[in-house]
>>> print(open('structure37.cif').read())   # mmCIF, C-alpha atoms
data_start
loop_
_atom_site.label_atom_id
_atom_site.label_comp_id
_atom_site.auth_asym_id
_atom_site.auth_seq_id
_atom_site.Cartn_x
_atom_site.Cartn_y
_atom_site.Cartn_z
CA MET A 5 0.00 0.00 0.00
CA PHE A 6 2.76 2.42 0.97
CA LEU A 7 4.84 1.76 -2.14
CA SER A 8 1.82 2.15 -4.45
CA PHE A 9 1.73 5.86 -3.50
CA GLN A 10 5.49 6.31 -3.90
CA GLY A 11 7.65 6.95 -6.91
CA SER A 12 10.74 4.79 -7.56
CA ASP A 13 14.29 5.80 -8.43
CA LEU A 14 16.64 3.81 -10.66
CA PHE A 15 17.43 1.45 -7.80
CA GLY A 16 13.78 0.88 -6.85
CA ARG A 17 13.95 2.98 -3.70
CA PRO A 18 10.93 5.16 -2.82
CA SER A 19 11.56 8.62 -4.28
CA GLY A 20 8.63 10.53 -2.84
CA PHE A 21 4.87 10.68 -2.53
CA VAL A 22 3.08 10.70 -5.92
CA GLY A 23 -0.51 10.30 -4.76
CA LEU A 24 -2.76 8.44 -7.17
CA ASP A 25 -0.46 8.86 -10.18
CA HIS A 26 0.23 5.13 -10.49
CA TYR A 27 -3.46 4.29 -10.36
CA VAL A 28 -4.37 6.98 -12.90
CA ARG A 29 -1.65 5.72 -15.23
CA MET A 30 -2.77 2.13 -14.73
CA PHE A 31 -6.45 2.63 -15.52
CA SER A 32 -5.75 4.92 -18.47
CA ASP A 33 -3.32 2.47 -20.04
CA SER A 34 -4.77 0.28 -22.80
CA GLY A 35 -2.03 -2.26 -22.10
CA PHE A 36 -3.29 -2.72 -18.56
CA ARG A 37 -6.81 -3.35 -19.87
CA THR A 38 -5.35 -6.04 -22.11
CA VAL A 39 -3.61 -7.56 -19.08
CA MET A 40 -6.93 -7.68 -17.23
CA LEU A 41 -8.67 -9.37 -20.17
CA VAL A 42 -5.87 -11.95 -20.41
CA THR A 43 -6.15 -12.58 -16.66
CA LEU A 44 -9.92 -13.06 -16.97
CA GLY A 45 -9.52 -15.39 -19.95
CA PHE A 46 -6.83 -17.45 -18.22
CA THR A 47 -8.98 -17.80 -15.08
CA VAL A 48 -12.05 -18.94 -17.02
CA LEU A 49 -10.04 -21.33 -19.20
CA THR A 50 -8.41 -23.03 -16.22
CA VAL A 51 -10.82 -23.03 -13.27
CA ILE A 52 -14.04 -24.28 -14.86
CA PRO A 53 -12.52 -26.97 -17.16
CA SER A 54 -10.25 -28.36 -14.42
CA ILE A 55 -13.16 -28.76 -11.99
CA ALA A 56 -15.57 -30.11 -14.61
CA LEU A 57 -13.07 -32.66 -15.94
CA ALA A 58 -12.11 -33.74 -12.42
CA LEU A 59 -15.80 -34.20 -11.55
CA VAL A 60 -16.43 -36.40 -14.59
CA LEU A 61 -13.34 -38.49 -13.86
CA ALA A 62 -14.20 -38.79 -10.16
CA LEU A 63 -17.71 -40.04 -10.97
CA LEU A 64 -16.33 -42.56 -13.48
CA LEU A 65 -13.60 -43.77 -11.13
CA HIS A 66 -16.09 -44.16 -8.30
CA GLN A 67 -17.73 -47.00 -10.22
CA LYS A 68 -16.82 -50.54 -9.28
CA ILE A 69 -14.81 -51.52 -12.35
CA LYS A 70 -11.75 -53.68 -12.81
CA GLY A 71 -8.42 -51.87 -12.41
CA VAL A 72 -10.02 -48.73 -10.95
CA ARG A 73 -7.13 -48.26 -8.48
CA PHE A 74 -4.66 -48.01 -11.34
CA PHE A 75 -6.74 -45.38 -13.11
CA ARG A 76 -7.21 -43.40 -9.89
CA THR A 77 -3.46 -43.31 -9.40
CA ALA A 78 -2.81 -42.40 -13.04
CA PHE A 79 -5.28 -39.50 -13.09
CA ALA A 80 -4.15 -38.20 -9.69
CA LEU A 81 -0.48 -38.30 -10.76
CA PRO A 82 -0.33 -34.63 -11.93
CA PHE A 83 -0.63 -33.61 -8.27
CA ALA A 84 2.85 -35.03 -7.68
CA TYR A 85 4.51 -32.78 -10.26
CA SER A 86 5.80 -29.31 -9.43
CA VAL A 87 4.78 -26.38 -11.63
CA ALA A 88 8.32 -26.11 -12.97
CA THR A 89 8.56 -29.80 -13.89
CA ALA A 90 5.15 -29.90 -15.54
CA SER A 91 5.88 -26.69 -17.44
CA VAL A 92 9.13 -28.08 -18.84
CA ILE A 93 7.30 -31.23 -19.96
CA PHE A 94 4.59 -29.22 -21.71
CA GLY A 95 7.25 -26.96 -23.22
CA VAL A 96 8.72 -30.02 -24.92
CA MET A 97 5.30 -31.21 -26.05
CA PHE A 98 4.34 -27.79 -27.43
CA ASN A 99 7.65 -27.23 -29.26
CA GLN A 100 6.76 -26.15 -32.79
CA ALA A 101 9.63 -27.99 -34.49
CA THR A 102 10.05 -31.18 -32.45
CA GLY A 103 7.00 -31.34 -30.16
CA VAL A 104 4.82 -34.42 -29.86
CA LEU A 105 1.61 -32.53 -30.65
CA ASN A 106 2.89 -31.12 -33.93
CA GLY A 107 4.35 -34.52 -34.77
CA MET A 108 0.88 -36.02 -34.43
CA LEU A 109 -0.61 -33.25 -36.57
CA ALA A 110 2.04 -33.77 -39.23
CA PHE A 111 1.20 -37.47 -39.31
CA PHE A 112 -2.33 -36.55 -40.33
CA GLY A 113 -1.15 -33.96 -42.84
CA VAL A 114 -2.03 -30.92 -40.70
CA ASP A 115 0.29 -27.91 -40.66
CA ARG A 116 2.38 -27.34 -37.56
CA VAL A 117 0.89 -25.03 -34.93
CA GLY A 118 2.84 -22.44 -32.97
CA TRP A 119 1.35 -23.48 -29.65
CA LEU A 120 3.51 -21.08 -27.65
CA THR A 121 4.61 -18.67 -30.38
CA ASP A 122 1.26 -17.80 -31.99
CA PRO A 123 -0.81 -15.23 -30.03
CA ALA A 124 -3.97 -17.05 -31.09
CA TRP A 125 -2.84 -20.28 -29.42
CA ALA A 126 -0.49 -19.27 -26.61
CA LEU A 127 -3.06 -18.51 -23.89
CA LEU A 128 -5.03 -21.66 -24.69
CA SER A 129 -1.86 -23.75 -24.57
CA VAL A 130 -0.75 -22.37 -21.19
CA SER A 131 -4.31 -22.86 -19.90
CA LEU A 132 -4.30 -26.47 -21.08
CA ALA A 133 -1.07 -27.12 -19.20
CA THR A 134 -2.53 -25.49 -16.08
CA VAL A 135 -5.69 -27.61 -16.27
CA TRP A 136 -3.53 -30.73 -16.33
CA MET A 137 -1.55 -29.48 -13.32
CA GLN A 138 -4.74 -28.82 -11.33
CA LEU A 139 -6.48 -32.02 -12.35
CA GLY A 140 -4.80 -34.32 -9.83
CA TYR A 141 -5.56 -32.14 -6.81
CA ASN A 142 -9.17 -31.55 -7.87
CA LEU A 143 -9.65 -35.26 -8.46
CA LEU A 144 -8.31 -36.13 -5.01
CA VAL A 145 -10.66 -33.65 -3.31
CA LEU A 146 -13.73 -34.85 -5.22
CA SER A 147 -12.81 -38.51 -4.73
CA ALA A 148 -12.62 -37.88 -0.99
CA GLY A 149 -16.04 -36.27 -1.16
CA LEU A 150 -17.46 -39.25 -3.00
CA GLY A 151 -16.02 -41.58 -0.41
CA ALA A 152 -17.90 -39.67 2.29
CA VAL A 153 -21.29 -40.03 0.59
CA SER A 154 -23.56 -42.14 2.75
CA GLU A 155 -24.48 -45.50 1.26
CA ASP A 156 -27.83 -45.24 3.01
CA VAL A 157 -28.70 -42.15 0.99
CA VAL A 158 -27.62 -43.83 -2.25
CA GLU A 159 -29.58 -46.98 -1.45
CA ALA A 160 -32.67 -44.97 -0.58
CA ALA A 161 -32.40 -43.14 -3.90
CA ARG A 162 -32.14 -46.45 -5.75
CA LEU A 163 -35.28 -47.70 -4.04
CA ASP A 164 -37.03 -44.53 -5.21
CA GLY A 165 -36.03 -45.29 -8.80
CA ALA A 166 -32.92 -43.12 -9.22
CA HIS A 167 -30.34 -44.79 -11.44
CA GLY A 168 -27.52 -43.83 -13.80
CA TRP A 169 -27.44 -40.16 -14.82
CA ARG A 170 -30.45 -39.34 -12.64
CA MET A 171 -28.60 -40.65 -9.60
CA GLN A 172 -25.48 -38.63 -10.41
CA ARG A 173 -27.34 -35.40 -11.17
CA SER A 174 -29.93 -35.43 -8.40
CA ILE A 175 -28.12 -37.20 -5.54
CA ILE A 176 -24.35 -37.49 -5.94
CA VAL A 177 -23.45 -34.08 -7.39
CA PRO A 178 -25.56 -32.11 -4.84
CA LEU A 179 -23.75 -33.98 -2.06
CA LEU A 180 -20.45 -32.88 -3.61
CA THR A 181 -21.30 -29.15 -3.61
CA PRO A 182 -19.08 -28.42 -0.54
CA GLN A 183 -16.07 -29.84 -2.37
CA LEU A 184 -17.02 -28.15 -5.65
CA PHE A 185 -17.42 -24.80 -3.90
CA PHE A 186 -14.08 -25.22 -2.15
CA LEU A 187 -12.34 -26.01 -5.45
CA LEU A 188 -14.00 -23.06 -7.17
CA VAL A 189 -12.83 -20.57 -4.53
CA THR A 190 -9.29 -21.91 -4.18
CA GLY A 191 -8.96 -22.57 -7.91
CA THR A 192 -9.94 -18.99 -8.76
CA ILE A 193 -7.41 -17.58 -6.31
CA HIS A 194 -4.76 -19.96 -7.63
CA ALA A 195 -5.46 -18.94 -11.24
CA LEU A 196 -5.26 -15.24 -10.39
CA GLN A 197 -1.87 -15.84 -8.76
CA SER A 198 -0.40 -18.22 -11.36
CA PHE A 199 3.11 -17.32 -12.47
CA GLY A 200 5.49 -20.27 -12.89
CA GLN A 201 3.99 -21.91 -15.97
CA ILE A 202 3.61 -18.56 -17.73
CA HIS A 203 7.21 -17.60 -17.03
CA ILE A 204 8.62 -20.93 -18.16
CA LEU A 205 6.43 -21.49 -21.23
CA THR A 206 5.94 -18.04 -22.76
CA LYS A 207 7.40 -15.29 -20.54
CA GLY A 208 4.18 -13.38 -21.06
CA GLY A 209 4.38 -13.48 -24.85
CA PRO A 210 3.95 -13.60 -27.69
CA GLN A 211 2.79 -9.97 -27.98
CA ASP A 212 1.70 -10.00 -24.32
CA SER A 213 -1.00 -12.57 -25.14
CA THR A 214 -0.22 -14.48 -21.92
CA THR A 215 0.73 -11.55 -19.67
CA THR A 216 -1.55 -11.89 -16.67
CA LEU A 217 -1.74 -9.40 -13.81
CA VAL A 218 0.77 -11.31 -11.67
CA TYR A 219 3.21 -11.53 -14.56
CA SER A 220 2.79 -7.83 -15.26
CA ILE A 221 3.68 -7.12 -11.62
CA TYR A 222 6.82 -9.23 -12.03
CA GLU A 223 7.79 -7.42 -15.24
CA GLN A 224 7.37 -3.98 -13.68
CA ALA A 225 9.21 -4.80 -10.46
CA PHE A 226 11.90 -7.35 -11.31
CA ALA A 227 12.27 -8.22 -15.02
CA ASN A 228 15.11 -6.52 -16.92
CA ASN A 229 16.09 -4.57 -13.78
CA ASN A 230 13.00 -2.36 -14.10
CA SER A 231 12.72 -1.77 -10.33
CA ASN A 232 9.44 0.10 -10.87
CA PHE A 233 8.18 -0.97 -7.46
CA GLY A 234 5.68 1.86 -7.08
CA TYR A 235 3.71 0.98 -10.21
CA ALA A 236 4.07 -2.75 -9.55
CA SER A 237 2.75 -2.25 -6.00
CA ALA A 238 -0.28 -0.40 -7.37
CA GLN A 239 -0.99 -3.40 -9.60
CA ALA A 240 -0.54 -5.71 -6.60
CA VAL A 241 -3.12 -3.70 -4.66
CA VAL A 242 -5.54 -4.10 -7.57
CA LEU A 243 -4.87 -7.85 -7.56
CA LEU A 244 -5.59 -8.00 -3.83
CA ILE A 245 -8.89 -6.14 -4.31
CA ILE A 246 -9.90 -8.46 -7.17
CA VAL A 247 -9.19 -11.58 -5.09
CA VAL A 248 -11.16 -10.22 -2.13
CA VAL A 249 -14.12 -9.07 -4.24
CA VAL A 250 -14.32 -12.33 -6.20
CA SER A 251 -14.13 -14.37 -3.00
CA VAL A 252 -16.84 -12.26 -1.32
CA VAL A 253 -19.11 -12.65 -4.35
CA GLN A 254 -18.52 -16.40 -4.44
CA PHE A 255 -19.33 -16.76 -0.75
CA GLY A 256 -22.29 -14.39 -0.96
CA ILE A 257 -23.95 -15.97 -4.00
CA LEU A 258 -22.65 -19.46 -4.70
CA GLU A 259 -22.43 -20.68 -1.11
CA ARG A 260 -26.23 -20.53 -0.94
CA LYS A 261 -26.28 -23.42 -3.39
CA VAL A 262 -23.99 -25.56 -1.25
CA PHE A 263 -25.59 -28.51 0.49
CA TYR A 264 -23.82 -29.08 3.81
CA ARG A 265 -24.61 -32.51 5.19
#
>>> encode(input="structure37.cif", output="structure tokens")
Amino acid sequence: MFLSFQGSDLFGRPSGFVGLDHYVRMFSDSGFRTVMLVTLGFTVLTVIPSIALALVLALLLHQKIKGVRFFRTAFALPFAYSVATASVIFGVMFNQATGVLNGMLAFFGVDRVGWLTDPAWALLSVSLATVWMQLGYNLLVLSAGLGAVSEDVVEAARLDGAHGWRMQRSIIVPLLTPQLFFLLVTGTIHALQSFGQIHILTKGGPQDSTTTLVYSIYEQAFANNNSNFGYASAQAVVLLIIVVVVSVVQFGILERKVFYR
């Protein structure tokens, strides 16, 4: 808060009170509006798909099928990888010249795609990698929730004629709303604060197409010896406000739909 109202000298030291200059500059800058749109797009592309995919997998793996323990371990495996390790793996896969994905496309006669070098694909590619990273954790949380569902409730629903999709939609999923709400809140905060995969895969490029608010803060404060701590701190204050407001809205609106047993 203090630094957001201070100027910065060449060494990043506070140089004097500047009032709201950083905030005025921020909200009048078209580049900052682009950063906010990228942040919104990244959050939507990572939070909702990672929860939805984990829910589908959790419901499928909760069935009594042969080899289900192997599949549970396989799908939960991403949780064991660090952001850096997973990002390096996806960097190899997304490589335009030697990557596995472009190799598969070439096999079918499709032109190579610049997954991390084309502005049209970069944000989607980083989001895809992030969804994979989040999948294991989300799956573990939802699997734990499924394990806590009372068999008496399920049996009573079966006696009332609930089977298959009707059982999942009307009985199982409502009982998982505490876990889904938890993942939505924490996943949103995590997405708003994501940095590692963006830095390793794209460094905010190409053409700032993957520069989120957190990465913009890093660029202003630390990248290329910028040391513009005053402006970066103003952006950090905005990030804090966004996280608080989004969390309050989620608790104020969505928590009403949560079924606490």
>>> closest_residue(input="structure37.cif", among="A:Gly95, A:Gly16, A:Gly23, A:Pro123", to="Leu205 in chain A", atoms="all atoms listed in the file")
A:Gly95
>>> resolve_selection(input="structure37.cif", expression="the PyMOL selection byres ((chain A and resi 74-80) around 12)", output="PyMOL selection string")
chain A and resi 57-73+81-85+136-148
>>> axis_aligned_box(input="structure37.cif", around="range 184-199 of chain A", padding_each_side="8 Å", output="AutoDock Vina command-line options")
--center_x -7.2 --center_y -21.7 --center_z -7.3 --size_x 36.5 --size_y 28.9 --size_z 26.3
>>> residues_around(input="structure37.cif", residues="Val153 in chain A", least_positions_apart="5", cutoff="10 Å", atoms="all atoms listed in the file", output="ChimeraX atom specification")
/A:148,158,175-176,179-180,265
>>> closest_residue(input="structure37.cif", among="A:Ala160, A:Met171, A:Met108, A:Val218", to="Gln201 in chain A", atoms="all atoms listed in the file")
A:Val218
>>> atom_distance(input="structure37.cif", atom1="CA of Ser237 in chain A", atom2="CA of Ser8 in chain A")
4.8 Å
>>> residues_near_point(input="structure37.cif", point="(0.1, -19.3, -32.2)", cutoff="12 Å", atoms="all atoms listed in the file", output="ChimeraX atom specification")
/A:98-100,116-130,206,209-211,213-214
>>> residues_around(input="structure37.cif", residues="Ala225 in chain A", least_positions_apart="4", cutoff="9 Å", atoms="all atoms listed in the file", output="list in words")
Gly16, Ser220, Ile221, Asn229, Asn230, Ser231, Asn232, Phe233, Gly234, Tyr235, Ala236 and Ser237 of chain A
>>> resolve_selection(input="structure37.cif", expression="the PyMOL selection byres ((chain A and resi 255-260) around 10)", output="list in words")
Thr181, Pro182, Phe185, Phe186, Leu188, Val189, Val249, Val250, Ser251, Val252, Val253, Gln254, Lys261, Val262, Phe263 and Tyr264 of chain A
>>> residues_around(input="structure37.cif", residues="Thr43 in chain A", least_positions_apart="2", cutoff="9 Å", atoms="all atoms listed in the file", output="PyMOL selection string")
chain A and resi 38-41+45-48+195-196+214-218
>>> residues_around(input="structure37.cif", residues="Leu243 in chain A", least_positions_apart="2", cutoff="9 Å", atoms="only C-alpha atoms", output="ChimeraX atom specification")
/A:196-197,217-218,238-241,245-248
>>> atom_distance(input="structure37.cif", atom1="CA of Ala88 in chain A", atom2="CA of Thr134 in chain A")
11.3 Å
>>> closest_residue(input="structure37.cif", among="A:Val42, A:Ala101, A:Leu14, A:Leu24", to="Asp212 in chain A", atoms="only C-alpha atoms")
A:Val42
>>> atom_distance(input="structure37.cif", atom1="CA of Arg170 in chain A", atom2="CA of Ser54 in chain A")
23.1 Å
>>> build_atoms(input="structure37.cif", residues="range 189-205 of chain A", atoms="N, CA, C and O atoms", output="mmCIF file, keeping the file's coordinate frame")
data_model
loop_
_atom_site.group_PDB
_atom_site.id
_atom_site.type_symbol
_atom_site.label_atom_id
_atom_site.label_comp_id
_atom_site.auth_asym_id
_atom_site.auth_seq_id
_atom_site.Cartn_x
_atom_site.Cartn_y
_atom_site.Cartn_z
ATOM 1 N N VAL A 189 -13.443 -21.717 -5.222
ATOM 2 C CA VAL A 189 -12.830 -20.570 -4.530
ATOM 3 C C VAL A 189 -11.311 -20.648 -4.594
ATOM 4 O O VAL A 189 -10.635 -19.693 -5.002
ATOM 5 N N THR A 190 -10.756 -21.781 -4.194
ATOM 6 C CA THR A 190 -9.290 -21.910 -4.180
ATOM 7 C C THR A 190 -8.715 -21.918 -5.589
ATOM 8 O O THR A 190 -7.632 -21.382 -5.821
ATOM 9 N N GLY A 191 -9.441 -22.533 -6.533
ATOM 10 C CA GLY A 191 -8.960 -22.570 -7.910
ATOM 11 C C GLY A 191 -8.929 -21.189 -8.542
ATOM 12 O O GLY A 191 -8.000 -20.860 -9.299
ATOM 13 N N THR A 192 -9.923 -20.354 -8.233
ATOM 14 C CA THR A 192 -9.940 -18.990 -8.760
ATOM 15 C C THR A 192 -8.767 -18.181 -8.213
ATOM 16 O O THR A 192 -8.071 -17.476 -8.957
ATOM 17 N N ILE A 193 -8.539 -18.293 -6.909
ATOM 18 C CA ILE A 193 -7.410 -17.580 -6.310
ATOM 19 C C ILE A 193 -6.093 -18.071 -6.895
ATOM 20 O O ILE A 193 -5.184 -17.277 -7.203
ATOM 21 N N HIS A 194 -5.981 -19.379 -7.067
ATOM 22 C CA HIS A 194 -4.760 -19.960 -7.630
ATOM 23 C C HIS A 194 -4.523 -19.454 -9.055
ATOM 24 O O HIS A 194 -3.392 -19.124 -9.437
ATOM 25 N N ALA A 195 -5.595 -19.396 -9.855
ATOM 26 C CA ALA A 195 -5.460 -18.940 -11.240
ATOM 27 C C ALA A 195 -5.040 -17.471 -11.299
ATOM 28 O O ALA A 195 -4.199 -17.081 -12.120
ATOM 29 N N LEU A 196 -5.612 -16.655 -10.422
ATOM 30 C CA LEU A 196 -5.260 -15.240 -10.390
ATOM 31 C C LEU A 196 -3.816 -15.013 -9.975
ATOM 32 O O LEU A 196 -3.223 -13.988 -10.302
ATOM 33 N N GLN A 197 -3.241 -15.980 -9.252
ATOM 34 C CA GLN A 197 -1.870 -15.840 -8.760
ATOM 35 C C GLN A 197 -0.862 -16.666 -9.562
ATOM 36 O O GLN A 197 0.323 -16.682 -9.226
ATOM 37 N N SER A 198 -1.295 -17.336 -10.608
ATOM 38 C CA SER A 198 -0.400 -18.220 -11.360
ATOM 39 C C SER A 198 0.734 -17.432 -12.008
ATOM 40 O O SER A 198 0.530 -16.363 -12.582
ATOM 41 N N PHE A 199 1.926 -17.996 -11.924
ATOM 42 C CA PHE A 199 3.110 -17.320 -12.470
ATOM 43 C C PHE A 199 4.083 -18.287 -13.141
ATOM 44 O O PHE A 199 4.531 -18.049 -14.253
ATOM 45 N N GLY A 200 4.401 -19.396 -12.452
ATOM 46 C CA GLY A 200 5.490 -20.270 -12.890
ATOM 47 C C GLY A 200 5.343 -20.781 -14.298
ATOM 48 O O GLY A 200 6.280 -20.690 -15.114
ATOM 49 N N GLN A 201 4.168 -21.338 -14.644
ATOM 50 C CA GLN A 201 3.990 -21.910 -15.970
ATOM 51 C C GLN A 201 4.041 -20.848 -17.063
ATOM 52 O O GLN A 201 4.523 -21.097 -18.175
ATOM 53 N N ILE A 202 3.554 -19.640 -16.752
ATOM 54 C CA ILE A 202 3.610 -18.560 -17.730
ATOM 55 C C ILE A 202 5.045 -18.136 -17.974
ATOM 56 O O ILE A 202 5.471 -17.942 -19.120
ATOM 57 N N HIS A 203 5.810 -18.031 -16.909
ATOM 58 C CA HIS A 203 7.210 -17.600 -17.030
ATOM 59 C C HIS A 203 8.036 -18.621 -17.796
ATOM 60 O O HIS A 203 8.875 -18.260 -18.632
ATOM 61 N N ILE A 204 7.810 -19.890 -17.530
ATOM 62 C CA ILE A 204 8.620 -20.930 -18.160
ATOM 63 C C ILE A 204 8.214 -21.160 -19.618
ATOM 64 O O ILE A 204 9.062 -21.318 -20.497
ATOM 65 N N LEU A 205 6.905 -21.141 -19.892
ATOM 66 C CA LEU A 205 6.430 -21.490 -21.230
ATOM 67 C C LEU A 205 6.481 -20.333 -22.215
ATOM 68 O O LEU A 205 6.851 -20.509 -23.382
#
